[in-house]
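> Here it is, the structure, as structure tokens.
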Amino acid sequence: MTNAQTVVSIQNLNYFFGEGELQKQVLSEINLEVKAKEFVILTGPSGSGKSTLLSLIGCLRSVHQGSLKILGQELNGATKEQLVQMRRNFGYITQSSNLLDFLTVQQNIQMSLELQPDFSPKEARAKTAAILEAVGLAQKLDAYPGNLSGGQKQRVAIASALVTRPKLVLADEPTASLDKTAGRNVVALMHRLAKEQSSAVLIVTHDNRILDLADRIVNVEDGKLGLAFNQELSLVLPGFDDALLEKATTKPTLLTYESEEVIVHQGEPASKFYILLEGEVEIFQESPDEPPRLINHLSRGDYFGEVGLLRGGKRTATVRVAKNSEVKVMVIEEELFQLFLGNSELTKADIVRRLHQRVMTSHLSNALPNVDPSQIIAVASQAKAIRYGANSTIVKQGEVADKFYLILEGEAEVFVGDRHNELASSQMKAGEYFGNAQLVDGQKYPFTIRAGANTDIEVMVIDRESFCSLILKSNTNQDVVASVLRHRLMNS
Ligand code: ADP
Ligand code: MG
């Protein structure tokens, strides 16, 4: 991402309407960068300056103060001709499609191509047909806009804005005249096409249903840019309610981190919850005498820090910015985190589910350090944690092995011998596992294993199929597979 071409670069931009006494500042000290392929959503109350900003970027107005560069060219002080020239790089989509009623769908689209210098009419026809196919309107080539639905018209507008493969697509409330489903479809389509042709997109919207498509959400309030805290929270926490932010004494804040910087250190006390807004982080787990082990990789929309907050108060892993990435995180203090959790069953369920997956992943990764992290995550996320009461039997000698067991908490006793003459052979504790050696070729258990005589035990249980896929799909070499299989129980 860091190397992508910068399409829009704005520094300390101010904009005013009116003159003298009546002059009113509508944009203040705007700073914004948009890179190729980025899909950026602008939100904010009505009258906050969104359309004004978009029209400045779109070269429909002249810059008053500050710097606005598009594709490296400074537009403060640009001539009318330069602005017109620059507009050739844009696709512009407005609230209601500005199609010409007396031209067919095909003619409307072809017109935007013919405004470009380098297309023959034949090429223009082929491109028009292709883009109409892409927006699902191949049969409407000869229809007039008056005979299309609102959603179809907006799809034509998108086709017409994107057919020239513009470097930048600007859209001002493109879903305002559509119902919710049609609105989402139209923007999803725009998202797909823009990504395919590496266009940057800047879209103004109030439509909450499309926020998840954004690579970044920027909030405009009273002419100033800020982080869209509420929108970002509503994307990540399914039961988020704006009113909760008002109740809390602490507010979310924004922090940025450089490539390879550590955000959270394993072992440190936990007091914050993090939502990843931009960039990539890697999760490592450290054990004594071993190099740190990569266990997970997170990107925009993921969160971290909940394990420490909900389980014992200490960080159970280290979170580090991935190489060549820059990270922006929303930081939420424990008080606010607990407020979110306590006020929504939905949010709580989501976080508890994720917590379970992560705890399982971390246990399994500890037990099988040489297995691919991605395979561990896939299997551990589905794994169940089962509790057995003191002394109860977990597996029985002579039964065909069909599960892998990893002890999460408590102790187990291993017995061998026949029914009348059972011998306690050894003990197993948290972190140890059994069942693996018999699983691969479906042998019988050569032992009986019970929960310890005095305590409950919690075990992670993985079925045969998942366990085999874990081992077989891993990029581990044969030695590692063999060593996993040659577990101590094999020898005991
Ligand atoms: P938004 O798109 O966020 O609703 P706008 O950019 O349209 O906001 O408007 C920002 C502010 O500028 C508003 O207070 C609006 O009344 C004012 N404004 C917009 N256009 C003009 C204009 N041509 N002359 C004077 N004031 C304007
Ligand atoms: Mg507007």
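Please note that chains go A, B, ... in the order of the structure tokens, that every chain numbers its residues from 1, and that ligands are numbered from 1 in the order shown.
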For region 299-393 of chain A versus region 220-244 of chain A, which residues have an atom no more than 7 Å away, and what is each residue's nearest atom pair and distance in Å rounded to one decimal, using only C-alpha atoms, chain-then-number order, as a tab-separated table?


```
residue	atom	partner	partner_atom	distance
A:Gly301	CA	A:Val236	CA	6.2
A:Phe340	CA	A:Phe240	CA	6.9
A:Ser344	CA	A:Gly239	CA	5.4
A:Leu346	CA	A:Gly239	CA	5.2
A:Thr347	CA	A:Gly239	CA	4.9
```

> Can those selected residues be exported to a file as a compact mmCIF listing (two decimals), in the first residue's frame so that it contains N, CA, C and O atoms?


```txt
# COMPACT_ATOMS: atom_id res chain seq x y z
N GLY A 301 -10.38 -3.76 10.04
CA GLY A 301 -11.64 -4.32 10.51
C GLY A 301 -11.47 -5.37 11.59
O GLY A 301 -12.42 -5.72 12.26
N PHE A 340 -19.29 -1.35 26.03
CA PHE A 340 -19.77 -1.95 24.78
C PHE A 340 -20.24 -3.39 25.02
O PHE A 340 -21.28 -3.81 24.51
N SER A 344 -24.54 -4.80 24.96
CA SER A 344 -25.05 -5.45 23.76
C SER A 344 -24.69 -6.93 23.76
O SER A 344 -23.52 -7.30 23.76
N LEU A 346 -25.19 -8.83 21.30
CA LEU A 346 -24.61 -9.11 19.99
C LEU A 346 -23.11 -8.89 19.98
O LEU A 346 -22.33 -9.71 19.52
N THR A 347 -22.72 -7.72 20.49
CA THR A 347 -21.29 -7.40 20.55
C THR A 347 -20.58 -8.41 21.43
O THR A 347 -19.52 -8.94 21.07
```

> List all protein, DNA and RNA residues that have an atom no more than 8 Å from any atom of ligand 2, counting only C-alpha atoms and all ligand atoms, and report them as a PDB file with C-alpha atoms, in the first residue's frame.


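Output (selection_21.pdb):
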```
ATOM      1  CA  SER A  46     -25.494  17.686   5.973  1.00  0.00           C
ATOM      2  CA  GLY A  47     -23.907  21.075   5.346  1.00  0.00           C
ATOM      3  CA  GLY A  49     -18.706  20.630   3.425  1.00  0.00           C
ATOM      4  CA  LYS A  50     -18.515  17.209   1.768  1.00  0.00           C
ATOM      5  CA  SER A  51     -19.838  18.248  -1.635  1.00  0.00           C
ATOM      6  CA  THR A  52     -17.683  21.352  -1.636  1.00  0.00           C
ATOM      7  CA  ASP A 172     -21.524  12.374  -4.389  1.00  0.00           C
ATOM      8  CA  GLU A 173     -24.286  10.421  -2.645  1.00  0.00           C
ATOM      9  CA  VAL A 204     -19.740  10.784  -0.172  1.00  0.00           C
TER      10      VAL A 204
END
```

> Between CA of Ile462 (chain A) and CA of Phe434 (chain A), measure the distance and give it in Å to one decimal.

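So the two atoms, CA of Ile462 (chain A) and CA of Phe434 (chain A), lie 10.9 Å apart.
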
> Here is a test: counting only C-alpha atoms, which residue of A:Leu341, A:Ile449, A:Leu27, A:Ala367 is nearest to Asn391 (chain A)?

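Closest candidate: A:Ile449.
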
> Show me, as a list of chain:residue names, the residues that have an atom within 10 Å of Leu170 (chain A) when counting only C-alpha atoms, minus same-chain residues fewer than 3 positions from it.

A:Val40, A:Leu54, A:Ser55, A:Ile57, A:Gly58, A:Phe90, A:Gly91, A:Tyr92, A:Ile93, A:Thr94, A:Ala161, A:Pro166, A:Glu173, A:Pro174, A:Ala200, A:Val201, A:Leu202, A:Ile203, A:Val204

> In Å, rounded to a single decimal, give me how far CA of Val187 (chain A) is from CA of Ser112 (chain A).

20.1 Å

> Enumerate the residues of region 256-343 of chain A with a DSSP assignment of helix (DSSP H, G or I), computed from the backbone, and present them as a PyMOL selection string.

chain A and resi 306-310+334-343

> Using only C-alpha atoms, which protein or nucleic acid residues come within 8 Å of region 113-120 of chain A? Drop anything in the same chain fewer than 2 positions from it, and give the result as a list in words.

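Everything that qualifies: Arg88, Ile109, Gln110, Met111, Lys122, Glu123, Ala124, Val163 and Thr164 of chain A.
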
> Quick one: write out the picked residues with N, CA and C atoms as an mmCIF file, in the first residue's frame?


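To be explicit, this is the file written out as again_9.cif:
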```
data_model
loop_
_atom_site.group_PDB
_atom_site.id
_atom_site.type_symbol
_atom_site.label_atom_id
_atom_site.label_comp_id
_atom_site.auth_asym_id
_atom_site.auth_seq_id
_atom_site.Cartn_x
_atom_site.Cartn_y
_atom_site.Cartn_z
ATOM 1 N N ARG A 88 -10.358 15.078 -17.276
ATOM 2 C CA ARG A 88 -10.344 13.878 -18.117
ATOM 3 C C ARG A 88 -9.908 12.637 -17.351
ATOM 4 N N ILE A 109 -22.933 6.378 -22.877
ATOM 5 C CA ILE A 109 -21.622 5.891 -22.426
ATOM 6 C C ILE A 109 -20.549 6.214 -23.449
ATOM 7 N N GLN A 110 -20.919 6.009 -24.700
ATOM 8 C CA GLN A 110 -19.951 6.253 -25.751
ATOM 9 C C GLN A 110 -19.502 7.711 -25.771
ATOM 10 N N MET A 111 -20.417 8.577 -25.353
ATOM 11 C CA MET A 111 -20.076 9.993 -25.325
ATOM 12 C C MET A 111 -18.923 10.270 -24.364
ATOM 13 N N LYS A 122 -14.958 2.530 -33.279
ATOM 14 C CA LYS A 122 -15.068 1.082 -33.171
ATOM 15 C C LYS A 122 -14.648 0.612 -31.775
ATOM 16 N N GLU A 123 -13.506 1.134 -31.321
ATOM 17 C CA GLU A 123 -13.037 0.792 -29.981
ATOM 18 C C GLU A 123 -14.053 1.231 -28.940
ATOM 19 N N ALA A 124 -14.592 2.451 -29.140
ATOM 20 C CA ALA A 124 -15.548 2.990 -28.187
ATOM 21 C C ALA A 124 -16.766 2.078 -28.076
ATOM 22 N N VAL A 163 -15.917 3.694 -17.694
ATOM 23 C CA VAL A 163 -15.538 3.123 -18.988
ATOM 24 C C VAL A 163 -14.199 3.671 -19.489
ATOM 25 N N THR A 164 -13.848 4.861 -19.041
ATOM 26 C CA THR A 164 -12.586 5.459 -19.487
ATOM 27 C C THR A 164 -11.409 5.004 -18.632
#
```

> In terms of the shortest atom-to-atom distance over only C-alpha atoms, which of A:Gly305, A:Gly279, A:Gly410, A:Gly342 is closest to Tyr388 (chain A)?

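Closest to Tyr388 (chain A) of all the choices is A:Gly410.
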
> Of the residues A:Asn436, A:Thr205, A:Ser392, A:Gln375, which is the one nearest to ligand 1, using only C-alpha atoms and all ligand atoms?

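Of all the options, A:Thr205 lies closest to ligand 1.
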
> Determine which residues of region 23-160 of chain A DSSP labels as strand (DSSP E) from the backbone of this structure, then write them out as a list of chain:residue names.

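Checking each residue of region 23-160 of chain A, the strand (DSSP E) ones are A:Lys24, A:Gln25, A:Val26, A:Leu27, A:Ser28, A:Glu29, A:Ile30, A:Asn31, A:Leu32, A:Glu33, A:Val34, A:Lys35, A:Phe39, A:Val40, A:Ile41, A:Leu42, A:Thr43, A:Gln65, A:Gly66, A:Ser67, A:Leu68, A:Lys69, A:Ile70, A:Gln73, A:Glu74, A:Phe90, A:Gly91, A:Tyr92, A:Ile93.
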
> Quick one: of A:Ala248, A:Leu294, A:Leu276, A:Leu162, who's nearest to Ala134 (chain A), counting only C-alpha atoms?

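Checking each of A:Ala248, A:Leu294, A:Leu276, A:Leu162 against Ala134 (chain A), counting only C-alpha atoms, the winner is A:Leu162.
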
> Identify, on the basis of only C-alpha atoms, every residue whose closest approach to Asp207 (chain A) does not exceed 9 Å; exclude the query and any residue fewer than 5 positions from it along the same chain; express the result as a PyMOL selection string.

chain A and resi 43+173+175-176+180+183-184

> So how far away is CA of Ala270 (chain A) from CA of Val331 (chain A), in Å?

12.4 Å
